[in-house]
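Chemist: Supplied structure: coords33.cif, mmCIF, C-alpha atoms.
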data_protein
#
loop_
_atom_site.label_atom_id
_atom_site.label_comp_id
_atom_site.auth_asym_id
_atom_site.auth_seq_id
_atom_site.Cartn_x
_atom_site.Cartn_y
_atom_site.Cartn_z
CA MET A 1 44.86 37.10 73.77
CA HIS A 2 45.48 34.99 70.68
CA HIS A 3 48.66 34.57 68.71
CA GLY A 4 46.86 34.90 65.41
CA PHE A 5 48.47 31.93 63.62
CA ASP A 6 45.78 29.32 64.16
CA ALA A 7 45.01 29.42 60.45
CA LEU A 8 48.33 27.69 59.85
CA ASN A 9 47.66 25.05 62.49
CA LEU A 10 50.61 26.19 64.53
CA PRO A 11 49.14 27.09 67.92
CA GLY A 12 51.40 29.18 70.08
CA LEU A 13 53.71 30.22 67.28
CA SER A 14 54.79 33.82 67.44
CA THR A 15 56.60 36.01 65.01
CA LYS A 16 60.10 37.15 65.60
CA THR A 17 63.35 36.65 63.74
CA MET A 18 64.64 38.33 60.79
CA ALA A 19 66.21 35.90 58.41
CA LEU A 20 69.98 35.99 58.48
CA ILE A 21 70.37 35.95 54.75
CA SER A 22 67.95 38.82 54.30
CA LEU A 23 69.36 41.39 56.67
CA GLU A 24 72.95 40.44 56.12
CA ASP A 25 72.61 41.39 52.51
CA LEU A 26 70.52 44.46 53.14
CA ASP A 27 73.12 46.23 55.28
CA GLY A 28 76.53 44.67 54.77
CA LEU A 29 77.51 46.20 51.49
CA GLU A 30 79.53 49.23 52.47
CA ASP A 31 82.21 48.34 49.95
CA GLU A 32 79.80 48.11 47.04
CA GLU A 33 79.37 51.20 44.88
CA LEU A 34 75.62 50.98 44.47
CA ASP A 35 73.31 53.46 42.79
CA ASN A 36 72.02 55.94 45.39
CA ASP A 37 69.44 57.49 43.05
CA ILE A 38 66.47 55.63 44.46
CA THR A 39 63.12 56.07 42.73
CA ASP A 40 60.00 53.96 42.46
CA ASN A 41 61.95 52.07 39.82
CA PRO A 42 65.60 51.94 40.83
CA GLU A 43 68.03 52.04 37.94
CA PRO A 44 69.31 48.60 36.91
CA MET A 45 72.81 47.80 38.09
CA GLU A 46 75.61 47.02 35.70
CA ASP A 47 76.10 43.32 35.07
CA ASP A 48 79.38 43.15 37.02
CA GLU A 49 77.77 45.00 39.93
CA GLN A 50 74.83 42.59 39.95
CA GLN A 51 77.28 39.70 39.90
CA ARG A 52 79.24 41.04 42.88
CA LEU A 53 76.02 41.46 44.83
CA TYR A 54 74.77 37.99 43.89
CA THR A 55 78.14 36.49 44.87
CA HIS A 56 77.92 38.27 48.23
CA TRP A 57 74.49 36.73 48.88
CA GLN A 58 75.75 33.31 47.86
CA ALA A 59 78.63 33.59 50.33
CA ILE A 60 76.20 34.39 53.13
CA ALA A 61 73.78 31.68 52.06
CA SER A 62 76.54 29.08 52.11
CA THR A 63 77.04 29.69 55.83
CA HIS A 64 73.39 28.69 56.28
CA GLN A 65 73.78 25.70 53.96
CA VAL A 66 71.41 27.11 51.36
CA SER A 67 71.86 28.34 47.80
CA VAL A 68 70.52 31.53 46.22
CA PRO A 69 68.81 30.91 42.87
CA ARG A 70 69.59 33.25 39.98
CA GLU A 71 65.98 34.44 39.95
CA MET A 72 66.74 36.28 43.21
CA THR A 73 69.06 38.75 41.44
CA GLY A 74 66.29 41.31 40.88
CA PRO A 75 64.85 41.25 44.42
CA ILE A 76 68.37 41.34 45.89
CA GLN A 77 69.19 44.45 43.86
CA GLU A 78 65.95 46.24 44.75
CA LEU A 79 66.07 45.56 48.48
CA THR A 80 69.75 46.50 48.64
CA GLN A 81 69.26 49.82 46.88
CA ARG A 82 66.16 50.75 48.86
CA ASN A 83 67.86 49.71 52.09
CA GLN A 84 70.64 52.15 51.38
CA ALA A 85 67.98 54.86 51.10
CA GLN A 86 66.71 53.82 54.58
CA GLU A 87 63.30 52.89 53.20
CA ARG A 88 62.14 50.87 56.20
CA GLU A 89 58.96 51.08 58.22
CA GLN A 90 58.88 50.09 61.90
CA VAL A 91 56.29 47.53 62.93
CA PRO A 92 54.05 49.55 65.31
CA PHE A 93 54.01 48.82 69.05
CA SER A 94 53.38 50.43 72.42
CA SER A 95 55.89 50.17 75.26
CA ILE A 96 54.28 49.19 78.58
CA SER A 97 57.34 49.10 80.82
CA GLN A 98 61.12 48.88 80.85
CA HIS A 99 63.08 47.04 83.51
CA GLU A 100 66.47 48.62 84.21
CA LYS A 101 69.56 47.89 86.26
CA MET A 102 72.27 50.50 86.81
CA GLY A 103 70.61 52.68 84.18
CA GLU A 104 70.67 49.95 81.52
CA VAL A 105 67.47 48.48 80.08
CA LEU A 106 67.43 44.73 80.74
CA PHE A 107 64.11 43.91 79.09
CA GLU A 108 60.96 45.65 77.90
CA GLU A 109 57.28 44.76 77.83
CA ARG A 110 55.37 45.79 74.71
CA VAL A 111 52.01 45.41 72.99
CA TYR A 112 51.89 44.93 69.24
CA PRO A 113 48.44 45.80 67.85
CA ALA A 114 46.43 43.56 65.57
CA GLY A 115 47.60 43.62 61.98
CA LYS A 116 48.10 41.73 58.75
CA TRP A 117 51.28 39.75 58.10
CA ALA A 118 52.53 37.80 55.10
CA CYS A 119 53.63 34.44 56.48
CA ILE A 120 55.41 31.37 55.22
CA ILE A 121 56.38 28.12 56.93
CA LYS A 122 59.56 26.22 56.13
CA GLY A 123 60.72 23.01 57.71
CA GLU A 124 64.30 22.54 56.56
CA LYS A 125 66.88 20.53 58.46
CA LEU A 126 68.41 23.58 60.14
CA TYR A 127 66.76 26.67 61.61
CA GLU A 128 69.06 28.86 59.52
CA GLN A 129 67.97 27.09 56.34
CA SER A 130 64.28 27.51 57.14
CA ILE A 131 64.47 31.25 57.81
CA SER A 132 66.67 31.85 54.78
CA MET A 133 64.45 29.91 52.38
CA GLY A 134 61.31 31.50 53.80
CA PHE A 135 62.62 35.03 53.56
CA MET A 136 63.80 34.62 49.97
CA LYS A 137 60.20 33.80 49.03
CA LEU A 138 58.94 36.79 51.01
CA MET A 139 61.49 39.00 49.23
CA LYS A 140 59.98 38.13 45.86
CA PHE A 141 56.51 38.92 47.23
CA ILE A 142 57.73 42.25 48.63
CA CYS A 143 59.50 43.26 45.43
CA LYS A 144 56.97 42.41 42.71
CA GLU A 145 55.31 39.00 42.91
CA ASN A 146 52.04 40.34 44.29
CA SER A 147 48.63 41.39 43.00
CA VAL A 148 49.61 45.06 42.62
CA GLY A 149 52.78 44.15 40.73
CA ARG A 150 55.14 46.57 42.45
CA TYR A 151 57.51 47.02 45.38
CA LEU A 152 55.51 47.05 48.63
CA GLY A 153 58.10 48.45 51.06
CA MET A 154 60.26 46.89 53.75
CA THR A 155 59.17 46.66 57.39
CA VAL A 156 61.28 45.68 60.39
CA PRO A 157 61.59 43.46 62.18
CA ILE A 158 60.98 40.34 60.15
CA VAL A 159 59.74 37.87 62.75
CA ASN A 160 60.39 34.14 63.02
CA SER A 161 58.22 32.00 65.26
CA ILE A 162 59.70 28.97 66.97
CA GLN A 163 58.11 26.07 68.82
CA MET A 164 60.16 24.10 71.33
CA LEU A 165 60.60 20.34 71.29
CA GLU A 166 58.76 18.56 74.10
CA ASP A 167 61.98 18.18 76.11
CA GLY A 168 62.71 21.91 75.72
CA ASN A 169 66.19 21.26 74.34
CA GLY A 170 65.68 22.48 70.80
CA PHE A 171 63.33 23.82 68.14
CA GLN A 172 60.66 21.98 66.21
CA LYS A 173 61.34 21.71 62.50
CA ASN A 174 58.68 24.07 61.12
CA ILE A 175 59.57 27.77 61.39
CA LEU A 176 57.10 30.52 60.54
CA THR A 177 58.64 33.64 59.02
CA ALA A 178 56.43 36.73 58.93
CA TYR A 179 56.58 40.15 57.25
CA TYR A 180 54.32 42.93 58.55
CA LEU A 181 52.51 44.61 55.68
CA PRO A 182 53.23 48.36 55.45
CA ALA A 183 50.54 50.70 56.82
CA GLN A 184 49.28 51.64 53.36
CA PHE A 185 48.41 48.01 52.64
CA GLN A 186 46.92 46.98 55.99
CA ALA A 187 43.31 47.68 54.95
CA ASN A 188 43.59 46.01 51.56
CA PRO A 189 46.65 43.72 51.44
CA PRO A 190 48.11 42.70 48.08
CA GLN A 191 47.80 38.98 47.47
CA PRO A 192 50.90 36.84 46.87
CA THR A 193 51.34 34.95 43.63
CA ASP A 194 53.28 32.29 45.56
CA PRO A 195 50.80 29.79 47.06
CA ASP A 196 53.24 29.08 49.92
CA ILE A 197 52.69 32.61 51.30
CA THR A 198 49.55 33.34 53.31
CA ILE A 199 48.21 36.73 54.44
CA LEU A 200 47.10 36.40 58.06
CA GLN A 201 45.36 38.74 60.46
CA ARG A 202 47.22 38.49 63.77
CA GLU A 203 45.49 39.66 66.92
CA ALA A 204 47.18 41.97 69.40
CA LEU A 205 50.25 40.45 71.02
CA ARG A 206 51.83 41.24 74.39
CA VAL A 207 55.49 40.30 74.70
CA ILE A 208 58.56 40.74 76.87
CA THR A 209 61.65 41.48 74.78
CA LEU A 210 65.36 41.05 75.36
CA THR A 211 67.90 42.59 73.00
CA PHE A 212 71.00 40.69 71.91
CA PHE A 213 73.59 41.18 69.21
CA GLY A 214 75.19 38.97 66.59
CA THR A 215 73.89 36.04 64.56
CA THR A 216 70.52 34.35 65.02
CA THR A 217 70.84 30.57 64.97
CA GLU A 218 69.42 27.90 67.24
CA GLU A 219 72.82 27.83 68.93
CA THR A 220 72.75 31.57 69.72
CA ILE A 221 69.03 31.90 70.46
CA MET A 222 68.80 29.22 73.18
CA PRO A 223 71.17 31.03 75.60
CA GLN A 224 69.10 34.21 75.21
CA ILE A 225 65.92 32.31 76.10
CA ASN A 226 67.62 30.92 79.19
CA LEU A 227 68.98 34.35 80.14
CA LEU A 228 65.58 36.02 79.98
CA TRP A 229 64.05 33.26 82.11
CA GLU A 230 66.77 33.89 84.68
CA MET A 231 65.88 37.59 84.72
CA LEU A 232 62.14 36.99 85.00
CA GLY A 233 62.22 34.14 87.48
CA PRO A 234 59.44 31.53 87.71
CA SER A 235 56.34 32.76 85.89
CA GLU A 236 53.14 31.16 84.70
CA GLU A 237 52.26 34.27 82.71
CA MET A 238 54.60 33.51 79.80
CA HIS A 239 54.55 30.66 77.30
CA ARG A 240 57.41 28.19 77.59
CA ASN A 241 56.80 26.27 74.39
CA SER A 242 56.82 29.12 71.86
CA TYR A 243 58.99 32.18 71.31
CA MET A 244 59.74 34.81 68.69
CA VAL A 245 63.01 36.14 67.35
CA ALA A 246 63.20 39.55 65.67
CA VAL A 247 66.18 40.75 63.66
CA TYR A 248 66.56 44.42 62.76
CA ASP A 249 70.02 44.74 61.22
CA ASN A 250 72.13 43.08 58.61
CA PRO A 251 73.88 39.98 59.98
CA GLY A 252 76.96 41.14 58.06
CA VAL A 253 77.56 44.05 60.37
CA SER A 254 79.63 43.54 63.49
CA CYS A 255 77.06 44.56 66.09
CA ARG A 256 73.63 43.82 64.63
CA ARG A 257 70.56 44.00 66.83
CA ASN A 258 68.13 41.16 67.49
CA GLU A 259 65.49 40.47 70.12
CA ILE A 260 64.05 37.39 71.76
CA TRP A 261 60.34 37.75 72.52
CA PHE A 262 58.48 35.92 75.28
CA ILE A 263 54.72 35.72 74.72
CA ARG A 264 52.18 36.40 77.43
CA ARG A 265 49.53 33.75 77.91
CA ASP A 266 45.92 34.55 77.15
CA PRO A 267 44.24 36.16 80.15
#
Can the structure in the file be given as structure tokens, please?
Modeler:
Amino acid sequence: MHHGFDALNLPGLSTKTMALISLEDLDGLEDEELDNDITDNPEPMEDDEQQRLYTHWQAIASTHQVSVPREMTGPIQELTQRNQAQEREQVPFSSISQHEKMGEVLFEERVYPAGKWACIIKGEKLYEQSISMGFMKLMKFICKENSVGRYLGMTVPIVNSIQMLEDGNGFQKNILTAYYLPAQFQANPPQPTDPDITILQREALRVITLTFFGTTTEETIMPQINLLWEMLGPSEEMHRNSYMVAVYDNPGVSCRRNEIWFIRRDP
């Protein structure tokens, strides 16, 4: 079974982490009075409302040591409004098994079918910077900067692929951030106008997933990797040099859901 990212010369990379900046802004705006009349063309926000939203994103971005350019105002508004209308599509998968203890699911094995993903690689100094910068570019692709010239639809999770350093004590610099194209575009995917974004066909993927809550940084992800290895015990069936992180909820909420994914080796 292949990981489907060979075209980017990143063998073993998998997809799994939703960028902090993206989800934090999508869900953490309970105090904002945003327009709930969502159509194919959401009504423009008032200037002061746009400014509050932009300032909110900048505050989040600063915690990742990145800055949000003004050109992101439109995509930020569109994703925020559509998020409030719960316009999200789940990346399809099949559950193979769940491992429980005292009635609580510890981890789950799943198969994600083959499909097309929009992918971008960033190699910033920090993991948080890479996923934030990558997702901002994907946001523009999702919202309008594509060959059909319209909003494509949000899918979850956004997946970030990580490769371990040779000593296993950290992540390699390049992080692949991937967005699963909605079902209606799988057969004929819109092409990005941004040359940094590539549409890739990923083959079916079999993973073991562990849910955790909170932020997704290198500092918080590493303990989850170690925890899942403790649960699984010694195994030659799973890759040890590449993992995925998937984020489903806004990092601004108090109990947001993420997953670490272990990738099964090719049979």
Chemist: I need the residue set behind the PyMOL selection byres ((chain A and resi 239) around 9) for this file; please write it as a PyMOL selection string.
Modeler: chain A and resi 12+236-238+240-243+262-265
Chemist: Interatomic distance between atom CA of A:Thr155 and atom CA of A:Thr55?
Modeler: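 Atom CA of A:Thr55 lies 24.9 Å from atom CA of A:Thr155.
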Chemist: Taking the file above as input, evaluate the PyMOL selection byres ((chain A and resi 93) around 12) and report the hits as an MDAnalysis selection string.
Modeler: chainID A and resid 90:92 94:96 108:115 156:157 204:207
Chemist: Counting only C-alpha atoms, which of A:Thr209, A:Leu176, A:Glu230, A:Glu71 gets nearest to A:Asp196?
Modeler: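 Smallest separation from A:Asp196 among the options: A:Leu176.
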Chemist: Grab the atom CA of A:Leu210 to atom CA of A:Tyr248 distance for me, in Å with one decimal place.
Modeler: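 Answer for the atom CA of A:Leu210 to atom CA of A:Tyr248 separation: 13.1 Å.
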Chemist: Take the PyMOL selection byres ((chain A and resi 211-214) around 7), run it mentally on this structure, and tell me the resulting residues as an MDAnalysis selection string.
Modeler: chainID A and resid 209:210 215:216 251 255:260
Chemist: Could you save those same residues with C-alpha atoms as a PDB file, in the coordinates of the input?
Modeler:
ATOM      1  CA  THR A 209      61.650  41.480  74.780  1.00  0.00           C
ATOM      2  CA  LEU A 210      65.360  41.050  75.360  1.00  0.00           C
ATOM      3  CA  THR A 215      73.890  36.040  64.560  1.00  0.00           C
ATOM      4  CA  THR A 216      70.520  34.350  65.020  1.00  0.00           C
ATOM      5  CA  PRO A 251      73.880  39.980  59.980  1.00  0.00           C
ATOM      6  CA  CYS A 255      77.060  44.560  66.090  1.00  0.00           C
ATOM      7  CA  ARG A 256      73.630  43.820  64.630  1.00  0.00           C
ATOM      8  CA  ARG A 257      70.560  44.000  66.830  1.00  0.00           C
ATOM      9  CA  ASN A 258      68.130  41.160  67.490  1.00  0.00           C
ATOM     10  CA  GLU A 259      65.490  40.470  70.120  1.00  0.00           C
ATOM     11  CA  ILE A 260      64.050  37.390  71.760  1.00  0.00           C
TER      12      ILE A 260
END
Chemist: What residues have an atom no more than 12 Å from (47.3, 48.2, 51.5) in the file's own frame, counting all atoms listed in the file, and can you write them as number ranges by chain?
Modeler: A: 115-117, 146-148, 151-153, 180-191, 199
Chemist: Taking all atoms listed in the file into account, which of A:Asp194, A:Glu78, A:Glu219, A:Glu203 comes nearest A:Lys137?
Modeler: A:Asp194
Chemist: Between A:Ile76, A:Leu126, A:Leu106, A:Ala118, which has the minimum distance to A:Leu228 (counting all atoms listed in the file)?
Modeler: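 Smallest distance to A:Leu228 is found for A:Leu106.
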Chemist: Provide the atom CA of A:Arg70 to atom CA of A:Ser161 distance in Å, to one decimal place.
Modeler: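 Taking atom CA of A:Arg70 as the start and atom CA of A:Ser161 as the end point, the length is 27.7 Å.
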Chemist: Counting all atoms listed in the file, which residue out of A:Ile120, A:Met72, A:Ile175, A:Leu79 sits closest to A:Leu200?
Modeler: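 Selected residue with least distance to A:Leu200: A:Ile120.
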Chemist: Around all the atoms of stretch 117-133 of chain A listed in the file, with 8 Å of room on each side, what axis-aligned box do you get, giving centre and edge lengths in Å to one decimal, as JSON?
Modeler:
{"center_x": 60.2, "center_y": 30.1, "center_z": 57.0, "size_x": 33.8, "size_y": 35.2, "size_z": 25.2}
Chemist: Could you please give me, as a list in words, the residues of protein, DNA or RNA lying at most 9 Å from (62.4, 42.1, 87.1) in the coordinate frame of the file, considering only C-alpha atoms?
Modeler: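 Residues satisfying the cut-off, written out: His99, Glu100, Leu106, Phe107, Met231, Leu232 and Gly233 of chain A.
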Chemist: Smallest atom-to-atom distance to A:Ile142: which of A:Ala178, A:Met154, A:Ile197, A:Ala246, using only C-alpha atoms?
Modeler: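 With only C-alpha atoms as the atom set, the closest residue is A:Met154.
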Chemist: Skip stretch 168-174 of chain A itself and residues of its chain fewer than 6 positions away, then list as a PDB file with C-alpha atoms, keeping the file's coordinate frame all residues within 7 Å of it, counting only C-alpha atoms.
Modeler:
ATOM      1  CA  ILE A 121      56.380  28.120  56.930  1.00  0.00           C
ATOM      2  CA  LYS A 122      59.560  26.220  56.130  1.00  0.00           C
ATOM      3  CA  GLY A 123      60.720  23.010  57.710  1.00  0.00           C
ATOM      4  CA  GLU A 124      64.300  22.540  56.560  1.00  0.00           C
ATOM      5  CA  LYS A 125      66.880  20.530  58.460  1.00  0.00           C
ATOM      6  CA  ILE A 162      59.700  28.970  66.970  1.00  0.00           C
TER       7      ILE A 162
END
